[in-house]
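Participant: My structure is below; once you've seen it, I'll send some questions.
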Amino acid sequence: MRLVSHIPFVLLNRLADLLGWLAFRVFPYREHIVRENLTKAFPDLDEPGLRKVMRRYYDGFAQMFVELLKGATMSAAEITRRVRIVNLDKVQAYLAKGQSVLVVAAHQCNWEWMLLGLSLELGYPLDAAYKPLVDSWAEREMKKLRTRFGGRLVPAKDLLADIIRRRDVVRAVAMVADQEPTTSEHKYWTRFLGRDTAFYLGPEEIARVTRFPVFFIALRRIGRGYYQMEFQPLAQAGEALPAGALTERYARRVEDQIRAAPPDWPWSHKRWKLKKSVYQNRGALKAAS
């Protein structure tokens with residue numbers, strides 16, 4: 001992996017082109033899942049439009065793969081050149097006053113570089129929640145990659161306890177929270193991309209207990225291998241919200257981001273394995289702007 005990461009970007013991009021073509025044309029990767037998810041999320045797409053999004057998804061999926069490898073040896077200067085943060089001052093203003101913050105994001109574009117870029121530019125400790133990998137080699141290598149520039153990883157199940165234990169540390173706590181909560185008893189149901197969808201309540205519970213201000217990181221691709229991050233406020237410090245309101249705001253931001261750039265979300269993932277019971281109330285709260 002480290003040998004491959006030293007290959008120049010121009011050659012890695014050609015490799016991504018080949019991998020994307022193979023995944024779409026020759027050895028379709030989870031094609032039925034990608035097609036089903038996109039069809040239900042965008043029912044107005046005709047067949048040519050659907051195949052166009054699918055092809056761009058596979059291209060982006062392959063690009064993400066080679067960028068992940070490249071991230072193992074990229075310099076700090078190269079990361080900051082390729083991951084532009086437009087309004088980091090909004091978060092830093094809280095941190096400068098001694099107020100820790102919670103930042104939440106989604107699996108859009110290259111979320112691994114998002115973590116590296118934020119680690120480099122934040123100027124304060126950054127703790128990121130993550131789910132440990134089963135394979136010991138993959139776990140070791142991904143931890144090396146994700147912590148290259150000072151970020152600290154905390155298993156998601158231990159995050160709240162870690163925040164309370166280290167409450168005197170002024171820091172940003174980061175979570176990518178659009179996964180399906182298959183192992184959690186506490187879920188929030190809402191309509192998302194045209195389907196009943198369950199979301200983790202973790203960010204909402206952490207915000208309620210800690211009273212941290214909450215920001216959504218909107219990430220978009222601005223060019224091949226180039227991204228832009230923008231911080232969008234979700235909740236003020238100590239803001240009292242009804243149950244489910246913060247999660248609903250998060251879900252709407254994620255959905256808006258996906259609809260703006262459909263190929264950049266992981267459609268090959270089985271996101272809708274959970275089925276909503278008729279006894280569960282769907283979230284009906286409206287996200288505040």
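Following the order of the structure tokens, first chain is A, next is B, and so on, with residues numbered from 1 inside each chain and ligands from 1 in the order they appear.
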Which residues are close to Gly20 in chain A, i.e. within 6 Å by only C-alpha atoms, leaving aside same-chain residues fewer than 2 positions away? Reply as a list of chain:residue names.

Facilitator: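 Contacts, in chain order: A:Ala16, A:Asp17, A:Leu18, A:Leu22, A:Ala23, A:Tyr58, A:Asp59, A:Ala62.
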
Participant: At a cut-off of 10 Å, using only C-alpha atoms, what residues contact range 172-175 of chain A? Leave out same-chain residues fewer than 6 positions from it and give the result as a ChimeraX atom specification.

Facilitator: /A:91-92,94-95,99-106,115,118-119,122,124-130,151-154,156,159,163,202-203,206,212,214-217

Participant: For His186 in chain A, which of A:Ala243, A:Leu234, A:Ala260, A:Met54 is the closest residue, counting only C-alpha atoms?

Facilitator: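 Of A:Ala243, A:Leu234, A:Ala260, A:Met54, the one nearest His186 in chain A, counting only C-alpha atoms, is A:Ala243.
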
Participant: Quick one: of A:Thr80, A:Gln63, A:Thr73, A:Thr247, who's nearest to His6 in chain A, counting only C-alpha atoms?

Facilitator: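 Looking only at the distances to His6 in chain A, the closest residue turns out to be A:Thr73.
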
Participant: Would you return as a VMD selection string the members of range 48-266 of chain A that DSSP assigns to helix (DSSP H, G or I) on this structure's backbone?

Facilitator: chain A and resid 48 to 70 76 to 82 89 to 96 111 to 121 136 to 146 156 to 165 202 to 210 245 to 260 262 to 264

Participant: What's the 12 Å shell around Trp111 in chain A, counting only C-alpha atoms, without same-chain residues fewer than 4 positions away, as a PyMOL selection string?

Facilitator: chain A and resi 64-65+67-68+71+83+104-107+115-118+128+146+174-177+217-221+227-229+264-266

Participant: What does the structure give for the distance between CA of Leu160 in chain A and CA of Glu204 in chain A, in Å to one decimal?

Facilitator: 11.2 Å

Participant: Name all residues at most 8 Å from Lys276 in chain A (count only C-alpha atoms; drop same-chain ones fewer than 5 positions away) and give them as an NGL selection string.

Facilitator: :A and (189 or 196-198)

Participant: Out of range 209-256 of chain A, which residues get strand (DSSP E or B) from DSSP, as a list of chain:residue names?

Facilitator: A:Val214, A:Phe215, A:Phe216, A:Ile217, A:Ala218, A:Leu219, A:Arg220, A:Arg221, A:Ile222, A:Gly223, A:Tyr226, A:Tyr227, A:Gln228, A:Met229, A:Glu230, A:Phe231, A:Gln232, A:Pro233, A:Leu234, A:Ala235

Participant: Please provide the set of residues having any atom within 6 Å of Arg211 in chain A, restricted to only C-alpha atoms, with same-chain residues fewer than 3 positions apart removed, written as a PDB file with C-alpha atoms, in the first residue's frame.

Facilitator:
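Contents of around-v3.pdb, freshly written:
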ATOM      1  CA  ALA A 207     -24.916  17.623  22.138  1.00  0.00           C
ATOM      2  CA  ARG A 208     -27.600  17.345  24.812  1.00  0.00           C
ATOM      3  CA  ALA A 237     -24.161  25.974  22.366  1.00  0.00           C
ATOM      4  CA  GLY A 238     -26.704  24.810  24.936  1.00  0.00           C
TER       5      GLY A 238
END

Participant: With distances taken over only C-alpha atoms, which residue among A:Trp267, A:Thr190, A:Glu180, A:Val10 lies nearest Glu36 in chain A?

Facilitator: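 Of A:Trp267, A:Thr190, A:Glu180, A:Val10, the one nearest Glu36 in chain A is A:Trp267, counting only C-alpha atoms.
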
Participant: Find the residue from A:Arg14, A:Arg253, A:Arg84, A:His269 that sits nearest to Arg30 in chain A; use only C-alpha atoms when measuring.

Facilitator: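 Closest to Arg30 in chain A of all the choices is A:His269.
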
Participant: Mind checking which residues fall within 10 Å of range 44-53 of chain A, counting only C-alpha atoms, ignoring those fewer than 4 positions away in the same chain, and posting them as an NGL selection string?

Facilitator: :A and (24 or 34-35 or 38-40 or 57-59 or 261-264)

Participant: Can you write just those residues out, N, CA, C and O atoms, as a CSV table (one decimal), in the first residue's frame?

Facilitator:
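File written: again.csv
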chain,number,residue,atom,x,y,z
A,24,PHE,N,-17.8,-0.9,-13.6
A,24,PHE,CA,-19.0,-0.5,-14.2
A,24,PHE,C,-19.4,-1.4,-15.4
A,24,PHE,O,-20.5,-1.9,-15.6
A,34,VAL,N,-26.7,-0.7,-6.2
A,34,VAL,CA,-26.5,0.7,-6.7
A,34,VAL,C,-27.7,1.1,-7.4
A,34,VAL,O,-28.3,2.2,-7.2
A,35,ARG,N,-28.2,0.2,-8.3
A,35,ARG,CA,-29.4,0.5,-9.2
A,35,ARG,C,-30.6,0.7,-8.3
A,35,ARG,O,-31.4,1.7,-8.5
A,38,LEU,N,-30.4,4.0,-6.2
A,38,LEU,CA,-30.5,5.2,-7.0
A,38,LEU,C,-32.0,5.3,-7.5
A,38,LEU,O,-32.5,6.4,-7.6
A,39,THR,N,-32.5,4.2,-7.9
A,39,THR,CA,-33.9,4.3,-8.5
A,39,THR,C,-34.9,4.8,-7.5
A,39,THR,O,-35.8,5.6,-7.8
A,40,LYS,N,-34.8,4.3,-6.2
A,40,LYS,CA,-35.7,4.7,-5.2
A,40,LYS,C,-35.4,6.2,-4.7
A,40,LYS,O,-36.4,6.9,-4.3
A,57,TYR,N,-20.7,7.3,-10.4
A,57,TYR,CA,-20.4,6.8,-9.1
A,57,TYR,C,-19.3,5.8,-9.0
A,57,TYR,O,-18.4,5.9,-8.2
A,58,TYR,N,-19.2,4.9,-10.0
A,58,TYR,CA,-18.1,4.0,-10.0
A,58,TYR,C,-16.8,4.7,-10.3
A,58,TYR,O,-15.7,4.3,-9.7
A,59,ASP,N,-16.8,5.7,-11.1
A,59,ASP,CA,-15.5,6.5,-11.3
A,59,ASP,C,-15.1,7.1,-10.0
A,59,ASP,O,-13.9,7.1,-9.6
A,261,ALA,N,-25.1,16.4,-5.5
A,261,ALA,CA,-24.0,15.7,-6.2
A,261,ALA,C,-24.2,14.2,-6.0
A,261,ALA,O,-23.6,13.5,-5.2
A,262,PRO,N,-25.2,13.6,-6.7
A,262,PRO,CA,-25.6,12.2,-6.4
A,262,PRO,C,-24.5,11.2,-6.6
A,262,PRO,O,-24.4,10.2,-5.8
A,263,PRO,N,-23.5,11.3,-7.5
A,263,PRO,CA,-22.5,10.3,-7.6
A,263,PRO,C,-21.5,10.2,-6.4
A,263,PRO,O,-20.8,9.2,-6.3
A,264,ASP,N,-21.5,11.2,-5.5
A,264,ASP,CA,-20.5,11.2,-4.5
A,264,ASP,C,-20.9,10.6,-3.2
A,264,ASP,O,-20.2,10.8,-2.2

Participant: Quick check, in Å to one decimal: how far apart do CA of Pro132 in chain A and CA of Glu31 in chain A lie?

Facilitator: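 CA of Pro132 in chain A sits 27.1 Å away from CA of Glu31 in chain A.
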